[in-house]
Structures are given as structure tokens and as C-alpha cells.
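Student: Please find input.cif (mmCIF, C-alpha atoms) on the next line:
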```
data_query
loop_
_atom_site.label_atom_id
_atom_site.label_comp_id
_atom_site.auth_asym_id
_atom_site.auth_seq_id
_atom_site.Cartn_x
_atom_site.Cartn_y
_atom_site.Cartn_z
CA MET A 1 29.18 -19.36 26.65
CA ARG A 2 29.82 -19.44 30.40
CA LYS A 3 33.41 -20.44 31.08
CA VAL A 4 34.27 -23.65 32.92
CA LYS A 5 36.37 -22.98 36.00
CA VAL A 6 39.39 -25.23 36.45
CA GLY A 7 41.67 -26.01 39.37
CA ILE A 8 45.10 -27.54 38.78
CA ILE A 9 46.74 -29.96 41.20
CA GLY A 10 50.46 -30.36 40.54
CA THR A 11 52.59 -27.44 39.39
CA GLY A 12 55.73 -29.20 38.21
CA GLN A 13 57.46 -28.90 34.86
CA ILE A 14 54.55 -29.99 32.62
CA SER A 15 52.18 -27.46 34.20
CA GLY A 16 53.80 -24.57 32.32
CA ILE A 17 52.50 -25.47 28.86
CA TYR A 18 49.07 -26.38 30.24
CA LEU A 19 48.77 -23.04 32.03
CA LYS A 20 49.95 -21.13 28.96
CA ASN A 21 47.37 -22.75 26.71
CA LEU A 22 44.49 -22.71 29.19
CA THR A 23 45.00 -19.02 30.01
CA GLU A 24 45.67 -17.89 26.42
CA THR A 25 44.61 -20.29 23.65
CA PHE A 26 41.45 -21.66 25.29
CA ASP A 27 40.47 -18.77 27.53
CA ALA A 28 37.13 -18.48 25.69
CA ILE A 29 35.90 -21.69 27.36
CA VAL A 30 38.21 -22.20 30.37
CA GLU A 31 39.11 -20.09 33.39
CA VAL A 32 41.87 -21.33 35.70
CA LYS A 33 40.78 -20.27 39.17
CA ALA A 34 43.41 -21.94 41.35
CA VAL A 35 46.57 -24.03 41.43
CA ALA A 36 47.71 -26.35 44.20
CA ASP A 37 50.81 -28.36 44.99
CA LYS A 38 52.19 -30.23 47.99
CA VAL A 39 55.09 -27.76 47.71
CA VAL A 40 53.06 -24.59 48.22
CA GLU A 41 55.85 -22.31 47.01
CA LEU A 42 55.75 -23.99 43.57
CA ALA A 43 52.04 -23.28 43.34
CA ARG A 44 52.57 -19.63 44.31
CA LYS A 45 55.25 -19.21 41.62
CA ARG A 46 53.00 -20.68 38.92
CA ALA A 47 50.07 -18.53 40.06
CA GLU A 48 52.20 -15.40 39.84
CA GLN A 49 53.69 -16.40 36.49
CA PHE A 50 50.33 -16.95 34.79
CA GLY A 51 48.12 -14.53 36.70
CA ILE A 52 46.12 -17.22 38.51
CA PRO A 53 44.20 -15.62 41.40
CA ASN A 54 44.63 -18.43 43.94
CA ALA A 55 47.46 -20.71 45.12
CA TRP A 56 45.75 -23.11 47.50
CA THR A 57 46.22 -26.38 49.26
CA VAL A 58 44.70 -29.43 47.60
CA GLU A 59 41.96 -29.46 50.24
CA GLU A 60 41.07 -25.81 49.60
CA LEU A 61 40.93 -26.38 45.85
CA LEU A 62 38.67 -29.41 46.14
CA ALA A 63 36.36 -27.60 48.54
CA ASP A 64 35.71 -24.67 46.19
CA PRO A 65 32.18 -25.04 44.75
CA GLU A 66 32.93 -22.97 41.61
CA ILE A 67 35.65 -25.28 40.29
CA GLU A 68 34.10 -27.78 37.88
CA ILE A 69 37.17 -29.54 36.47
CA VAL A 70 40.30 -30.64 38.32
CA LEU A 71 43.39 -30.98 36.13
CA ASN A 72 45.64 -33.63 37.67
CA LEU A 73 49.32 -33.05 36.86
CA THR A 74 50.79 -35.04 39.73
CA ALA A 75 53.23 -37.98 39.55
CA PRO A 76 51.90 -41.19 37.94
CA VAL A 77 51.92 -43.12 41.21
CA VAL A 78 49.18 -40.87 42.66
CA HIS A 79 47.12 -40.22 39.52
CA ALA A 80 44.31 -42.57 40.53
CA GLU A 81 44.30 -41.33 44.14
CA ILE A 82 43.97 -37.67 43.14
CA ASN A 83 41.37 -38.49 40.48
CA LEU A 84 39.23 -40.24 43.08
CA LEU A 85 39.57 -37.34 45.53
CA ALA A 86 38.40 -34.92 42.84
CA LEU A 87 35.48 -37.08 41.75
CA ARG A 88 34.32 -37.61 45.31
CA ALA A 89 34.43 -33.84 45.76
CA GLY A 90 31.98 -33.57 42.84
CA LYS A 91 34.49 -32.42 40.20
CA HIS A 92 35.04 -33.61 36.67
CA VAL A 93 38.66 -34.66 36.30
CA TYR A 94 41.25 -34.54 33.51
CA THR A 95 44.57 -36.25 34.22
CA GLU A 96 47.99 -36.56 32.69
CA LYS A 97 48.90 -40.00 31.44
CA PRO A 98 49.17 -42.75 32.42
CA PHE A 99 45.53 -42.97 33.44
CA ALA A 100 46.47 -45.32 36.30
CA LEU A 101 49.09 -47.96 37.00
CA THR A 102 46.62 -50.84 37.45
CA ARG A 103 43.40 -51.87 35.78
CA GLU A 104 41.68 -51.98 39.16
CA ASP A 105 42.51 -48.35 39.93
CA ALA A 106 41.40 -47.26 36.46
CA ASP A 107 38.10 -49.10 36.78
CA GLU A 108 37.42 -47.60 40.21
CA VAL A 109 37.91 -44.10 38.80
CA LEU A 110 35.47 -44.76 35.96
CA GLN A 111 32.93 -46.41 38.25
CA VAL A 112 32.94 -43.48 40.70
CA ALA A 113 32.60 -41.03 37.79
CA ASP A 114 29.68 -42.95 36.31
CA LYS A 115 27.94 -43.15 39.66
CA LYS A 116 28.26 -39.40 40.19
CA GLY A 117 27.49 -38.42 36.58
CA LEU A 118 30.92 -36.84 36.10
CA LEU A 119 33.34 -36.82 33.17
CA VAL A 120 36.86 -38.22 33.18
CA GLY A 121 39.48 -37.24 30.62
CA CYS A 122 43.11 -38.14 30.11
CA ALA A 123 46.15 -37.12 28.11
CA PRO A 124 47.62 -37.47 25.60
CA ASP A 125 45.60 -35.02 23.54
CA THR A 126 48.12 -34.70 20.71
CA PHE A 127 45.66 -36.53 18.43
CA PHE A 128 43.71 -33.23 18.33
CA GLY A 129 46.66 -31.70 16.47
CA GLY A 130 46.66 -30.83 12.80
CA GLY A 131 49.09 -33.65 12.05
CA LEU A 132 47.03 -36.59 13.28
CA GLN A 133 43.70 -34.97 12.37
CA THR A 134 44.91 -34.66 8.77
CA CYS A 135 46.06 -38.30 8.79
CA ARG A 136 42.65 -39.40 10.05
CA LYS A 137 40.97 -37.48 7.23
CA LEU A 138 43.27 -39.11 4.65
CA ILE A 139 42.54 -42.59 5.98
CA ASP A 140 38.78 -42.02 6.23
CA GLU A 141 38.67 -40.65 2.67
CA GLY A 142 40.49 -43.70 1.29
CA TRP A 143 43.73 -42.06 0.20
CA ILE A 144 45.75 -45.16 1.18
CA GLY A 145 43.04 -47.73 0.49
CA THR A 146 42.50 -50.24 3.28
CA PRO A 147 44.98 -49.83 6.16
CA TYR A 148 46.34 -53.26 7.02
CA SER A 149 49.53 -52.65 8.97
CA ALA A 150 51.41 -50.05 10.99
CA ASN A 151 54.84 -49.61 12.50
CA GLY A 152 55.73 -47.36 15.43
CA THR A 153 59.13 -46.66 16.94
CA ILE A 154 60.06 -44.45 19.85
CA ILE A 155 63.72 -44.68 20.92
CA MET A 156 65.02 -42.36 23.63
CA GLY A 157 67.90 -41.93 26.03
CA ASN A 158 67.64 -42.91 29.66
CA ALA A 159 67.54 -40.57 32.65
CA SER A 160 71.27 -40.64 33.39
CA GLY A 161 71.52 -36.90 32.65
CA GLY A 162 69.68 -36.27 35.90
CA MET A 163 68.53 -32.76 34.96
CA HIS A 164 64.80 -33.27 35.47
CA PRO A 165 64.02 -32.36 39.11
CA ASN A 166 62.13 -35.65 39.52
CA PHE A 167 64.18 -37.78 37.13
CA GLN A 168 63.80 -40.80 39.44
CA ASN A 169 60.16 -41.06 38.35
CA PHE A 170 61.33 -41.99 34.85
CA LEU A 171 62.98 -45.11 36.27
CA LYS A 172 59.75 -46.42 37.81
CA LEU A 173 56.53 -47.83 36.36
CA GLY A 174 54.75 -44.84 34.88
CA GLY A 175 57.97 -43.26 33.63
CA ASP A 176 58.99 -46.32 31.61
CA PRO A 177 58.75 -46.24 27.78
CA ILE A 178 55.41 -48.09 27.60
CA MET A 179 53.54 -46.14 30.28
CA ASP A 180 55.24 -42.78 29.63
CA MET A 181 55.87 -42.54 25.87
CA ALA A 182 53.86 -45.32 24.21
CA PRO A 183 50.48 -43.72 25.14
CA TYR A 184 51.16 -41.11 22.43
CA TYR A 185 51.54 -43.88 19.85
CA LEU A 186 48.82 -46.16 21.17
CA THR A 187 46.30 -43.31 21.39
CA ALA A 188 47.20 -42.19 17.87
CA LEU A 189 46.81 -45.72 16.51
CA VAL A 190 43.40 -46.16 18.17
CA PHE A 191 42.34 -42.76 16.80
CA LEU A 192 43.47 -43.72 13.30
CA LEU A 193 42.65 -47.45 13.15
CA GLY A 194 40.26 -48.22 16.01
CA PRO A 195 40.48 -50.44 19.09
CA VAL A 196 42.94 -53.27 19.69
CA GLY A 197 41.70 -56.79 20.38
CA ARG A 198 44.85 -58.79 21.12
CA VAL A 199 48.44 -58.02 22.09
CA THR A 200 51.69 -59.83 22.57
CA GLY A 201 55.12 -58.54 23.40
CA THR A 202 58.43 -58.72 25.16
CA ALA A 203 59.57 -56.33 27.90
CA ARG A 204 63.21 -56.27 28.94
CA GLN A 205 65.38 -54.31 31.35
CA LEU A 206 68.96 -53.83 30.18
CA HIS A 207 70.33 -52.46 33.48
CA GLN A 208 69.29 -52.66 37.12
CA GLU A 209 70.52 -49.16 37.99
CA ILE A 210 71.93 -46.01 36.46
CA THR A 211 74.61 -43.59 37.58
CA VAL A 212 73.94 -39.90 36.98
CA ILE A 213 76.81 -38.94 34.68
CA ASN A 214 76.05 -35.26 34.06
CA PRO A 215 78.32 -33.07 36.22
CA LYS A 216 75.79 -30.24 35.94
CA SER A 217 73.13 -32.31 37.69
CA PRO A 218 72.59 -31.83 41.42
CA PHE A 219 72.43 -35.64 41.55
CA TYR A 220 75.81 -36.14 39.84
CA GLY A 221 77.41 -39.44 40.79
CA GLU A 222 74.31 -40.91 42.44
CA LYS A 223 73.29 -44.49 41.67
CA VAL A 224 69.54 -44.98 41.26
CA ALA A 225 67.66 -48.27 40.83
CA ILE A 226 65.68 -48.90 37.64
CA GLU A 227 62.32 -50.38 38.62
CA ALA A 228 60.56 -50.92 35.28
CA PRO A 229 61.23 -52.38 31.81
CA THR A 230 63.23 -50.09 29.54
CA ASN A 231 63.07 -51.94 26.20
CA VAL A 232 59.75 -53.22 24.86
CA SER A 233 58.62 -54.72 21.56
CA ALA A 234 54.95 -55.45 20.92
CA VAL A 235 52.51 -56.66 18.28
CA LEU A 236 48.98 -55.23 18.29
CA ASP A 237 46.06 -56.93 16.54
CA PHE A 238 43.31 -54.41 15.82
CA ARG A 239 39.67 -55.41 15.78
CA ASN A 240 39.39 -54.25 12.15
CA GLY A 241 42.05 -56.76 11.04
CA ALA A 242 45.07 -54.44 10.91
CA VAL A 243 48.29 -55.38 12.69
CA ALA A 244 50.87 -53.01 14.17
CA SER A 245 54.33 -53.42 15.62
CA LEU A 246 55.64 -51.08 18.32
CA GLN A 247 59.18 -50.65 19.61
CA ALA A 248 59.62 -48.43 22.68
CA ALA A 249 62.90 -48.00 24.54
CA LYS A 250 64.71 -45.65 26.88
CA GLU A 251 68.16 -47.14 26.55
CA SER A 252 69.84 -45.20 23.76
CA PHE A 253 70.60 -41.55 23.12
CA GLY A 254 68.81 -38.67 21.45
CA TYR A 255 65.25 -39.06 20.22
CA LEU A 256 64.16 -41.24 17.30
CA PRO A 257 60.40 -41.36 16.58
CA ARG A 258 58.62 -42.90 13.61
CA LEU A 259 55.06 -43.93 12.75
CA GLU A 260 53.80 -45.33 9.45
CA ILE A 261 50.43 -46.71 8.32
CA PHE A 262 50.54 -49.11 5.39
CA GLY A 263 47.52 -49.38 3.09
CA THR A 264 46.55 -51.25 -0.04
CA GLU A 265 46.80 -48.05 -2.11
CA GLY A 266 49.50 -46.10 -0.30
CA ASN A 267 51.80 -45.81 2.69
CA LEU A 268 51.20 -42.94 5.09
CA ILE A 269 54.07 -41.29 6.94
CA VAL A 270 52.51 -39.99 10.17
CA PRO A 271 54.00 -37.16 12.25
CA ASP A 272 55.48 -37.96 15.66
CA PRO A 273 52.39 -38.50 17.91
CA ASN A 274 54.25 -36.80 20.77
CA PHE A 275 53.64 -33.50 18.98
CA PHE A 276 50.79 -31.69 17.26
CA GLY A 277 52.35 -31.07 13.84
CA GLY A 278 55.10 -32.54 11.70
CA LYS A 279 55.62 -33.87 8.21
CA ILE A 280 52.85 -35.86 6.52
CA ALA A 281 53.54 -37.78 3.31
CA ILE A 282 52.03 -40.56 1.21
CA GLN A 283 53.98 -43.01 -0.92
CA PHE A 284 51.75 -44.05 -3.83
CA PRO A 285 51.81 -47.34 -5.84
CA ASN A 286 53.82 -45.72 -8.66
CA GLY A 287 56.65 -45.04 -6.19
CA GLU A 288 56.00 -41.32 -5.98
CA THR A 289 55.97 -39.74 -2.52
CA LYS A 290 54.04 -36.53 -1.94
CA ASP A 291 54.04 -34.24 1.07
CA ILE A 292 50.50 -33.54 2.29
CA PRO A 293 49.39 -30.14 3.68
CA TYR A 294 47.42 -29.88 6.90
CA SER A 295 43.64 -29.98 6.70
CA HIS A 296 43.27 -28.91 10.35
CA GLY A 297 44.73 -26.35 12.70
CA PHE A 298 46.38 -26.73 16.13
CA THR A 299 49.84 -27.63 14.84
CA GLU A 300 51.81 -25.98 17.66
CA ASP A 301 52.15 -27.37 21.20
CA THR A 302 48.52 -27.20 22.32
CA ARG A 303 48.61 -29.51 25.36
CA GLY A 304 45.44 -28.90 27.30
CA ILE A 305 43.20 -29.01 24.23
CA GLY A 306 41.72 -32.27 25.55
CA LEU A 307 40.60 -30.49 28.72
CA ALA A 308 39.19 -27.61 26.66
CA ASP A 309 37.26 -30.15 24.56
CA MET A 310 35.87 -31.64 27.77
CA ALA A 311 34.80 -28.16 28.89
CA TYR A 312 32.87 -27.74 25.62
CA ALA A 313 31.36 -31.18 26.17
CA ILE A 314 30.12 -30.13 29.62
CA ARG A 315 28.50 -26.97 28.26
CA ASN A 316 27.13 -28.47 25.04
CA GLY A 317 26.11 -31.90 26.34
CA ARG A 318 28.15 -33.94 23.89
CA PRO A 319 30.83 -36.67 24.32
CA HIS A 320 34.43 -35.57 24.83
CA ARG A 321 37.24 -37.05 22.81
CA ALA A 322 40.19 -37.62 25.19
CA SER A 323 37.97 -39.71 27.42
CA GLY A 324 38.64 -41.94 30.38
CA ARG A 325 37.31 -44.89 28.36
CA LEU A 326 39.93 -44.22 25.66
CA ALA A 327 42.66 -43.95 28.31
CA ARG A 328 41.43 -47.16 29.97
CA HIS A 329 41.76 -48.99 26.64
CA VAL A 330 45.28 -47.63 26.13
CA LEU A 331 46.17 -48.77 29.67
CA ASP A 332 44.74 -52.21 28.88
CA ILE A 333 46.97 -52.41 25.81
CA SER A 334 50.03 -51.32 27.81
CA LEU A 335 49.48 -53.73 30.70
CA GLY A 336 48.55 -56.45 28.22
CA ILE A 337 52.01 -56.13 26.66
CA PHE A 338 53.61 -56.63 30.07
CA ASP A 339 51.29 -59.58 30.79
CA ALA A 340 52.16 -61.17 27.44
CA SER A 341 55.87 -60.84 28.18
CA ASN A 342 55.59 -62.22 31.70
CA GLU A 343 53.30 -65.11 30.78
CA GLY A 344 54.58 -65.98 27.31
CA ARG A 345 51.21 -65.78 25.56
CA HIS A 346 48.86 -63.65 23.52
CA VAL A 347 46.61 -61.49 25.69
CA MET A 348 43.00 -60.88 24.66
CA LEU A 349 41.87 -57.43 25.76
CA GLU A 350 38.64 -57.05 27.71
CA THR A 351 38.15 -53.39 26.85
CA THR A 352 37.20 -51.71 23.62
CA VAL A 353 36.37 -48.15 22.61
CA ASP A 354 35.03 -46.26 19.62
CA ARG A 355 37.45 -44.12 17.66
CA PRO A 356 37.21 -40.53 18.92
CA GLU A 357 35.36 -38.24 16.53
CA PRO A 358 37.67 -36.06 14.41
CA LEU A 359 37.50 -32.30 14.74
CA SER A 360 35.24 -30.51 12.29
CA LEU A 361 36.77 -28.61 9.39
CA GLY A 362 36.59 -24.85 9.35
CA LEU A 363 36.46 -24.23 13.07
CA LYS A 364 36.75 -20.67 14.27
CA TYR A 365 40.21 -19.76 15.58
CA ASN A 366 40.95 -21.64 18.83
CA ARG A 367 37.38 -22.96 19.05
CA LEU A 368 36.45 -26.66 19.15
CA ASP A 369 32.73 -26.70 18.38
CA VAL A 370 30.97 -25.69 15.17
CA SER A 371 28.38 -23.89 17.29
CA ASP A 372 31.04 -21.28 18.05
CA ILE A 373 31.41 -20.31 14.38
#
```
Can the structure in the file be given as C-alpha cells, please?
Tutor:
Amino acid sequence: MRKVKVGIIGTGQISGIYLKNLTETFDAIVEVKAVADKVVELARKRAEQFGIPNAWTVEELLADPEIEIVLNLTAPVVHAEINLLALRAGKHVYTEKPFALTREDADEVLQVADKKGLLVGCAPDTFFGGGLQTCRKLIDEGWIGTPYSANGTIIMGNASGGMHPNFQNFLKLGGDPIMDMAPYYLTALVFLLGPVGRVTGTARQLHQEITVINPKSPFYGEKVAIEAPTNVSAVLDFRNGAVASLQAAKESFGYLPRLEIFGTEGNLIVPDPNFFGGKIAIQFPNGETKDIPYSHGFTEDTRGIGLADMAYAIRNGRPHRASGRLARHVLDISLGIFDASNEGRHVMLETTVDRPEPLSLGLKYNRLDVSDI
């Protein structure tokens, strides 16, 4: 199969794992031809580190006729802008989450893509992992009966350590717990249970600013404004009748994730949707709890698998799983929670989406289509 050539815009911290997986794990379908960054030296370092032949400006990358997919790893505030530039240059685009910061920007991206006959994809792609794929199989096969409820919790520390080179982004919309961390949970829940029809919630901000307290940080002692909610609770009503609660906060310490799906015949302990593997267990009606082995592969950090799946979709003419429509629905849920909090009401969602298809069983090592077996 002819490889799909990819250009990456944005070579910050997250680009490392993408480049590793796209140049090693998924090199049968993807070839990274170029990287670009507004700080050209960062692009050159990444190119040298991963053997990428070209470190270009954004304009040079978009002008190259061989590049079919642009991977957008820029800051959330410019996601939509870069996506539109890529689409207008005739490229398919796959972006880090959040898909956009407004519904209007998200819709414009999808409309331009549809008009040009191009694909749009978006992280997170952790639902491709063996953990969530196994959970989907268990639910679909009836191991827990009818799922009727779910509970998700993601509690994290704030950015006062100041060690991330762009830690200020985590204090703005896009780096807040709902737009930054909740997409892992919301995407997982849509993959497992289907689309959401109605949301309500409360979004709060405990502090107006933080002081960087880590003496090892180059920003030690600086005071930085917090520009987005940091503590959010939400209730999600799924179109199939299930109800989920979600608590997301960046006001504590450490990292405390949890996701459970409750069914009429069992309760499913789901691995942390921020990762590809993790413990899976079912509590049965007799009180017994059993650990469940994986039915699928990809249990290590395989970020970039969503882009690889889109590359297969381009070559094989099938739908891709981590789609722009899925990301648009997750954005609608996220913004709906904020709207519900601000307006004191339930919010009916305008978008819907089909559950992404699960991966087939028995795939060849590091392949995503049965046709490769």
C-alpha cells in the first residue's frame, strides 16, 4: 500500500510521542516528510531527532504537493486557524484536541472540509487502545446487561509547578479541565455508550491567579491569571437512556482518574481513558469481581493511531474513527456544560454522531485494517 505522506505543524512537547509512533509503529502506512514550527530551531531539533528529512516553515509545508495530511499540534487557541489553512491548501487535517474553542470555528472547519472533499480527524485517539476496545466488546456482547449509568472523575493538580514550557496555556480556555482532560472521558463515553442528547452542569473557578511555587521553574515567583473554570461537575443524558456524571478539576494535587459503567447485570471498571491500557474488571451480581484480559492490542502509548487510521481510510475508501464529527460532538458537550452553568438550565445538544466502529479482532501487528492480514 502506498504510504500517506504527513507534515506536522507544531513541534512542542506532545510532538515527541506522535513522531515516535508515526515513524516506528505506523511506518507501514505513514511517512512523515516534514515538520514545521514558528520557532524554526524546535522543528530542526525534532527533524534531527526522528530522522525527518525536512524542517520547513508552515508556508513551505502547506505548499508541498506530496503532503496529504497535516498533523496540527499547535496551541488550542490556533487549532481552528491552522486546520483551515491546511484544508484550503488541499490537505486532510488531523488535530490535537480540543477541536476548536467555539462551535462556529468547528463548523467552519467541517464545512470547508466537506466542500473540498477532505477528511478531518481529531484527538483523543486513546479509544483505539486495548483497554477501551475490550470494554466496548464486553458491553456489545452483553457482559454487563443494559448499561444505564456511568461515573467519570478526573482530578489533577494545577499548573503552579510551572515546569511545562507553555504552562500558561493550561490556565486558559483549552487548557482547562473540560477542554483539556474531559475529551478523553467524553470521547470514551460516546465510543462506549453512544451520543449525548442533553447536558447540565456547574463550572467554577476557585482562584483568579496562581503563583509559580516551584523554585526549579524558570517562572518561579511569577503570578499568572487563571482565565477558565478549574472545577466542573456535569450530568450527561445519552440518547440511549443512560445517564453519566462527570467531575473534572485542576485544583488538587497528583492525578486521580476513574471511570465506571453500571449495567443491569454487572458493573464495569474502565481503564483511565487518558491512556491505552489499564485494569479492566467486572463486578457481577453475586458480588464477585473478576479482572478481564485484553481482547485487543495497542495497550502502550500509541498516540497518533487516529491519524494512522485516517491514512488507511484515505487509501481504502472507508470512514475513519477519530473523526471531526466525533470531535464536534465532544466539543458540543463541553460547551454545553459551560452554557448550562452560565444560564442555569439543561442544554439540548444540536449535534449527534454514530459510535465509532471498534477495531477488528486478530489484526496483523501494528496494522488497522483486515485487508492487511
Student: Rank A:Ser149, A:Thr11, A:Thr95, A:Asn83 by their smallest atom-to-atom distance to A:Leu193, using all atoms listed in the file, and report the top residue only.
Tutor: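 Of A:Ser149, A:Thr11, A:Thr95, A:Asn83, the one nearest A:Leu193, counting all atoms listed in the file, is A:Ser149.
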Student: Tell me which of A:Pro124, A:Pro76, A:Pro285, A:Gly145 sits closest to A:Thr264, counting only C-alpha atoms.
Tutor: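 Of the candidates, the smallest distance to A:Thr264 is held by A:Gly145.
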Student: Between atom CA of A:Ile269 and atom CA of A:Gly287, what is the spacing in Å?
Tutor: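 Pair atom CA of A:Gly287 / atom CA of A:Ile269 returns 13.9 Å.
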Student: I'd like the neighbourhood of stretch 183-190 of chain A as a PyMOL selection string, where a residue qualifies if any of its atoms comes within 10 Å (using all atoms listed in the file), though same-chain residues fewer than 4 positions away should be ignored.
Tutor: chain A and resi 97-99+123-128+132-133+135-136+150-154+177-179+194-196+236+238+244+246+248+257-261+270+272-275+322+326-327+329-331+333-334+352-356
Student: Determine, for each residue of stretch 119-192 of chain A having at least one atom at most 10 Å from an atom of stretch 54-74 of chain A, the closest pair of atoms and their separation in Å to one decimal, counting all atoms listed in the file; order by chain and ascending number, as JSON lines.
Tutor:
```
{"residue": "A:Leu119", "atom": "CA", "partner": "A:Ile69", "partner_atom": "CA", "distance": 8.9}
{"residue": "A:Val120", "atom": "CA", "partner": "A:Ile69", "partner_atom": "CA", "distance": 9.3}
{"residue": "A:Gly121", "atom": "CA", "partner": "A:Leu71", "partner_atom": "CA", "distance": 9.2}
{"residue": "A:Cys122", "atom": "CA", "partner": "A:Asn72", "partner_atom": "CA", "distance": 9.2}
```
Student: From the list A:Ser295, A:Gln13, A:Ser252, A:Thr351, which residue is nearest A:Ala43 when using all atoms listed in the file?
Tutor: A:Gln13
Student: Calculate how many Å separate atom CA of A:Phe50 from atom CA of A:Lys91, rounding to one decimal.
Tutor: 22.8 Å
Student: Which polymer residues, protein or nucleic acid, are no farther than 10 Å from (37.2, -39.0, 8.9), counting only C-alpha atoms, as a short mmCIF file (atom, residue, chain, number, x, y, z; two decimals) with C-alpha atoms, in the coordinates of the input?
Tutor:
```cif
data_model
loop_
_atom_site.label_atom_id
_atom_site.label_comp_id
_atom_site.auth_asym_id
_atom_site.auth_seq_id
_atom_site.Cartn_x
_atom_site.Cartn_y
_atom_site.Cartn_z
CA GLN A 133 43.70 -34.97 12.37
CA THR A 134 44.91 -34.66 8.77
CA CYS A 135 46.06 -38.30 8.79
CA ARG A 136 42.65 -39.40 10.05
CA LYS A 137 40.97 -37.48 7.23
CA LEU A 138 43.27 -39.11 4.65
CA ILE A 139 42.54 -42.59 5.98
CA ASP A 140 38.78 -42.02 6.23
CA GLU A 141 38.67 -40.65 2.67
CA GLY A 142 40.49 -43.70 1.29
CA LEU A 192 43.47 -43.72 13.30
CA GLU A 357 35.36 -38.24 16.53
CA PRO A 358 37.67 -36.06 14.41
CA LEU A 359 37.50 -32.30 14.74
CA SER A 360 35.24 -30.51 12.29
#
```
Student: Which residue is closest to A:Glu31? Choose from A:Arg103, A:Pro293, A:Leu307, A:Ser323 and count only C-alpha atoms.
Tutor: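 Looking only at the distances to A:Glu31, the closest residue turns out to be A:Leu307.
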Student: Rank nothing, just name the residue among A:Ala281, A:Val93, A:Ile8, A:Leu87 nearest to A:Met310, using all atoms listed in the file.
Tutor: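 Nearest to A:Met310: A:Val93.
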Student: Can you work out the spacing between atom CA of A:Gly241 and atom CA of A:Gly278 in Å, to one decimal?
Tutor: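 Between these atoms lies a distance of 27.5 Å.
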Student: With all atoms listed in the file as the atoms that count, which of A:Gly90, A:Gly336, A:Pro218, A:Gly344 lies nearest to A:Gly117?
Tutor: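 With all atoms listed in the file as the atom set, the closest residue is A:Gly90.
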Student: Determine the residue set returned by the PyMOL selection byres ((chain A and resi 301) around 10) for the present structure, and present it as a ChimeraX atom specification.
Tutor: /A:17-18,21,126,129,274-277,298-300,302-305
Student: For the file shown, report as a list in words the outcome of the PyMOL selection byres ((chain A and resi 311) around 9) at residue level.
Tutor: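 Evaluating the PyMOL selection byres ((chain A and resi 311) around 9) on this file yields Lys3, Val4, Lys5, Ile29, Val30, Ile69, Gly306, Leu307, Ala308, Asp309, Met310, Tyr312, Ala313, Ile314, Arg315, Asn316 and His320 of chain A.
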